[in-house]
Structures are given as C-alpha cells and as structure tokens.
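**Q** Take this structure first; my questions come after.
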Amino acid sequence: MRKWVKLKPGKSKKVRKFYPLVYRDEVADVSPSVEDGDLTVLLDEKGKFLAWGTYSEKSHVAFRVLTLNDEPIDSDFFASRFRSALAQRRHLQGVTNALRLVHAEADFLPGLIVDCYAEILVVQVRTKGMERLKNFWLEPLIELMQPKGVYERSDMEGRKEEGLTPFKGLLYGSVPERVEIFEHRLSFLVDVKEGLKTGFYLDQRDNRKLVQSLVQPSEQFLDLFAYTGSFSIYAAAKGAECTAVEQHQHLVELGIEQAGLNGVKVDFRCGNVFEELPKLATEGKQFDFIIIDPPAIAKSEKQLSSLKKAIHRVVKDSLRILRPGGRILVCSCVYHMDWSDLIETVRFAASDMEVPLRLLAQTTQASDHPIRLHIPESQYLRCLLLQRDF
Ligand SMILES: C[S@@+](CC[C@H](N)C(=O)[O-])C[C@H]1O[C@@H](n2cnc3c(N)ncnc32)[C@H](O)[C@@H]1O
C-alpha cells in the first residue's frame, strides 16, 4: 500500500505548475502509517495522483516533490537526475573543476546539495526525506562522478527544523585538508571540512570574472567580507592593488597562501568591516573598486531590516573612500532581499552621502546554481554593479 499525503481543495494547482514545496496548512490529511521523512505520493483533493516526494512531520514544509511522474524512486531515478544535472553543466568544462552539481529543488532534488571540488564531492543534506533516501542516492553519485572522497557538510542550523542534528564527516574514500581547484586559470584552496558553506563561494564565479574584466592594472581594489579573497585574486591577477578585509584569522591565512599560489599580492586585513572601513578612511585610503559581499545575516523576512541596515552602513562608509568614477559591487545572498529592496537600500545610502550612482548591471548567481522561474526562492544572489558619477 502506498503511503499518501492529501492536499486541501485548491492547493494542487501550484504543484502541477512546478512549485515543489507544499506547506503544512495546505495538507488535508496523511495516511495513518506515514512517518517522518517517508517517501509518499501526493494526492489532490479528489485523491488523484499528483507527485512522488517526501513527507516531513516537523518542518513548515510538509511535502517536497521529487517527480510529477508516477515512477519508482530508486537508484536509477537518482542516477538519471545526476546525469542530467551534469549534462547541464558541461559548458563549465575547461573553465573550472569546481562546481555545484546539484542545487536542491532547482535540480529537482529537494533537500540535497552536491558540490564538486576537483576529485572531491561535498554533500549537504537538508531534509529528513533526503537523509532517509541516502542509500538510493549516494552510490549512483559515486558511480557517476568517481570521486576520491565524499564529505558531508550537513552542519547547518536549518536541519533542526527537520528534526535532524547538524552533522559533518567522511562518507566515502578520503578527503585532504585542502583541495586545490582552478577557476579561469587561477588556483584556489578549498577547506571542505572547516570552510564556510561547503568550502568555497562557487556562486560568485561569474561575478569574479566580470569584476576582473572591468578592473584596470594599478587600480586600488577593496574586497570587503573577503572570505579567502577570491575576488581580490582575480583583480590582482589583472594587476590591481588589492586590500581584503575578513574577520576570521584562519580564512585570512588561507587567503594569503592562495594569493601566493597565484603569484599575486593581496593586503589582507583581519578585522571587522564595520571598524576597518572608518580606519581606511582615516588613513586617507581611496579606492577605484569596492566589493561588498556580506554573509546571509537575515535568514527570514523578519530579519531583513537588520541586513538592510548593515548594507546601508557599509555602502555609506564605502562611498567615503570610493574615488569619483569608481565602481562598487553590492551583493546580497538572502532571497528575501529582492531587487527593489537592494536598490532602495543602496540609493538611501548614496543619497545620505550625496554621491550620485549609476547602475551598470544587475547580476546573479553562476549558472551551476540554476534559477527556476517556477521557484522564485531559487534566485537568492543579487548583486548591483554601480559607478560613482562624480
Ligand atoms: C558571503 S562571504 C564572502 C565570500 C567571498 N566574497 C568570496 O567570493 O569568496 C562573507 C564573509 O564575510 C565574513 N564576515 C562576516 N561578517 C564580517 C565582518 N563584520 N567583518 C569582516 N568579515 C566578516 C565571513 O567570515 C565570510 O567569510
């Protein structure tokens, strides 16, 4: 007997229109035997099949769609999903050996992230359903990608809502302390065990390249919230003089090593951006290009105002030291911060400083983090490239 989750009247349309998440208040009933994380079918209000997916007992997302077809969910299903995800990333061959292979529901695999760093895979399991399906997906993933090692980085807070404890550890083979990867002929060191996210900000790849194409040799380049300074390394390779500000000493050390690996110099400052910016102004420093890439400090819509305040303050302080004609890239990796929120926040800061800004481009995450039109949340990275007029 199939286990099932039945929707309330009027709630099936969005599922048919490719939105994969069903919220708890949209569920009318579940079959008596359903347990947390179970693979179940989703039924419309008349009891007609809608989808296969997984049920969550605790999360506000009660059901996640795996497929709209009535098909077996087994190793072959996952192997086929992985093959098509890989095929869609073929254009990155030669550009990089580090990419996001699976971007959860945007690759029709809700709850699963897979990042490839050369011969190492890093997986992140965000839902109880995907956790329970591990026996079906891990083997085909290894078979397709033939990695030397698979490491799990499910050490994020979000798992608690699913009733899962944060976890990290080796799943297969062996994984070195640092993995060397390349991107556009530059080399980077990825700490897959301790680094933020799964070790590297793959989503900024295209923005790093864009910035590199615009920055000029000898320009003064400032990289705020630098992580291991990947934006700086692109800019320094072009001949810019780079300063990078990051608050964690171990990331700064990795950044310095990474710069050395590429034969470039980056002046890393270990400190808090909010304190370092006024110091740079006092030192009389001026910059031609400033990157502002803060962390996701707002996880929910409610916390959005604190992110807006932080961006407002950093943009204001950055404009004090941005030369006329200089460019600034302001990023937000929080889905709830939409384009108009971000533009308004930057506009308010520029108005406070009486600095006129021109919007040169609006950019987003790299293509290995697919954006599905039917899943608005799949676009989470928004960046504004702006130029100071005078
Ligand atoms: C989104 S990541 C930056 C990613 C980076 N631009 C890249 O492409 O690799 C944000 C970084 O900001 C750092 N950070 C957070 N708050 C900070 C603060 N107040 N001052 C300095 N660094 C901070 C975090 O440690 C993290 O490395």
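In the structure tokens, the first chain shown is A, the next is B, and so on; residue numbers restart at 1 for each chain, and ligands run from 1 in the order shown.
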What does the list of residues within 7 Å of ligand 1 look like if you count only C-alpha atoms and all ligand atoms, written as a PyMOL selection string?
**A** chain A and resi 196+200-201+204+224-231+245-248+271-274+293-296
**Q** Which polymer residues have any atom within 9 Å of an atom of Asp203 (chain A), counting only C-alpha atoms, with same-chain residues fewer than 3 positions away left out, as an MDAnalysis selection string?
**A** chainID A and resid 99:100 200 206:207 364:369 381
**Q** Could those residues be written to a file, using C-alpha atoms, as a CSV table (one decimal), in the first residue's frame?
**A**
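File result17.csv, as written:
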chain,number,residue,atom,x,y,z
A,99,LEU,CA,31.1,23.4,-9.5
A,100,ARG,CA,27.7,22.9,-7.9
A,200,PHE,CA,34.0,27.9,-1.5
A,206,ASP,CA,30.8,34.8,-12.9
A,207,ASN,CA,30.8,38.0,-10.8
A,364,THR,CA,23.1,36.9,-10.0
A,365,GLN,CA,24.4,33.5,-9.1
A,366,ALA,CA,26.5,31.4,-11.5
A,367,SER,CA,24.7,29.1,-13.8
A,368,ASP,CA,25.5,25.9,-11.8
A,369,HIS,CA,23.1,27.3,-9.3
A,381,LEU,CA,22.1,36.0,-5.0
**Q** What is the CA of Gly199 (chain A) to CA of Tyr151 (chain A) distance in Å?
**A**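 These two atoms are separated by 11.1 Å.
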**Q** Residues within 12 Å of Gly263 (chain A), please, as a ChimeraX atom specification. Count only C-alpha atoms; anything in the same chain fewer than 6 positions from it doesn't count.
**A** /A:186-188,233-234,236-239,256-257
**Q** Can you list, as a ChimeraX atom specification, all residues belonging to region 21-213 of chain A that DSSP tags as strand (DSSP E or B)?
**A** /A:21-23,27-30,39-43,49-55,61-67,96,98-103,112-117,120-125,149-154,167-173,179-183,186-190
**Q** Got a sec: who's within 9 Å of Lys308 (chain A), counting only C-alpha atoms, leaving out chain neighbours fewer than 4 positions off, as a PyMOL selection string?
**A** chain A and resi 304+312-313+337+341-342+345-346
**Q** Could you check how far CA of Met353 (chain A) sits from CA of Glu219 (chain A), in Å to one decimal?
**A**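 Straight-line distance from CA of Met353 (chain A) to CA of Glu219 (chain A) works out to 22.9 Å.
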**Q** Residues at most 8 Å from Arg382 (chain A), counting only C-alpha atoms, excluding those fewer than 5 positions away in the same chain, as a ChimeraX atom specification?
**A** /A:331-333,338-339,362-365
**Q** Could you pull out the residues in region 33-181 of chain A that DSSP calls alpha helix (DSSP H) from the backbone, as number ranges by chain?
**A** A: 75-87, 128-132, 134-145
**Q** Nearest to Lys309 (chain A): which of A:Val41, A:Val27, A:Ala349, A:Leu251 is it, counting only C-alpha atoms?
**A** A:Ala349
**Q** Give me, as a PyMOL selection string, all polymer residues having an atom no more than 6 Å from region 61-71 of chain A, counting only C-alpha atoms and skipping those fewer than 6 positions away in the same chain.
**A** chain A and resi 20-24+51-55
**Q** Those selected residues, please, written with N, CA and C atoms and delivered as a PDB file, in the first residue's frame.
**A**
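Printed below is selection13.pdb as written:
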ATOM      1  N   PRO A  20       7.622  22.999  -6.054  1.00  0.00           N
ATOM      2  CA  PRO A  20       7.808  21.686  -5.420  1.00  0.00           C
ATOM      3  C   PRO A  20       7.550  21.616  -3.909  1.00  0.00           C
ATOM      4  N   LEU A  21       7.203  22.741  -3.288  1.00  0.00           N
ATOM      5  CA  LEU A  21       7.058  22.720  -1.827  1.00  0.00           C
ATOM      6  C   LEU A  21       5.589  22.847  -1.414  1.00  0.00           C
ATOM      7  N   VAL A  22       5.171  21.962  -0.524  1.00  0.00           N
ATOM      8  CA  VAL A  22       3.799  22.011  -0.001  1.00  0.00           C
ATOM      9  C   VAL A  22       3.883  22.383   1.478  1.00  0.00           C
ATOM     10  N   TYR A  23       3.204  23.449   1.860  1.00  0.00           N
ATOM     11  CA  TYR A  23       3.272  23.895   3.254  1.00  0.00           C
ATOM     12  C   TYR A  23       2.239  23.147   4.106  1.00  0.00           C
ATOM     13  N   ARG A  24       2.516  23.141   5.408  1.00  0.00           N
ATOM     14  CA  ARG A  24       1.701  22.317   6.307  1.00  0.00           C
ATOM     15  C   ARG A  24       0.215  22.663   6.255  1.00  0.00           C
ATOM     16  N   ALA A  51       2.102  13.642  -7.397  1.00  0.00           N
ATOM     17  CA  ALA A  51       3.569  13.619  -7.365  1.00  0.00           C
ATOM     18  C   ALA A  51       4.068  12.553  -6.398  1.00  0.00           C
ATOM     19  N   TRP A  52       5.359  12.222  -6.575  1.00  0.00           N
ATOM     20  CA  TRP A  52       6.093  11.479  -5.546  1.00  0.00           C
ATOM     21  C   TRP A  52       6.996  12.468  -4.830  1.00  0.00           C
ATOM     22  N   GLY A  53       7.175  12.238  -3.541  1.00  0.00           N
ATOM     23  CA  GLY A  53       8.075  13.121  -2.805  1.00  0.00           C
ATOM     24  C   GLY A  53       8.244  12.630  -1.390  1.00  0.00           C
ATOM     25  N   THR A  54       8.758  13.509  -0.536  1.00  0.00           N
ATOM     26  CA  THR A  54       8.998  13.094   0.855  1.00  0.00           C
ATOM     27  C   THR A  54       8.181  13.954   1.820  1.00  0.00           C
ATOM     28  N   TYR A  55       7.770  13.285   2.899  1.00  0.00           N
ATOM     29  CA  TYR A  55       6.938  13.942   3.912  1.00  0.00           C
ATOM     30  C   TYR A  55       7.803  14.334   5.112  1.00  0.00           C
TER      31      TYR A  55
END
**Q** Which residues come within 9 Å of Phe77 (chain A), counting only C-alpha atoms, excluding same-chain residues fewer than 5 positions away, as a PyMOL selection string?
**A** chain A and resi 71-72+82+136-137
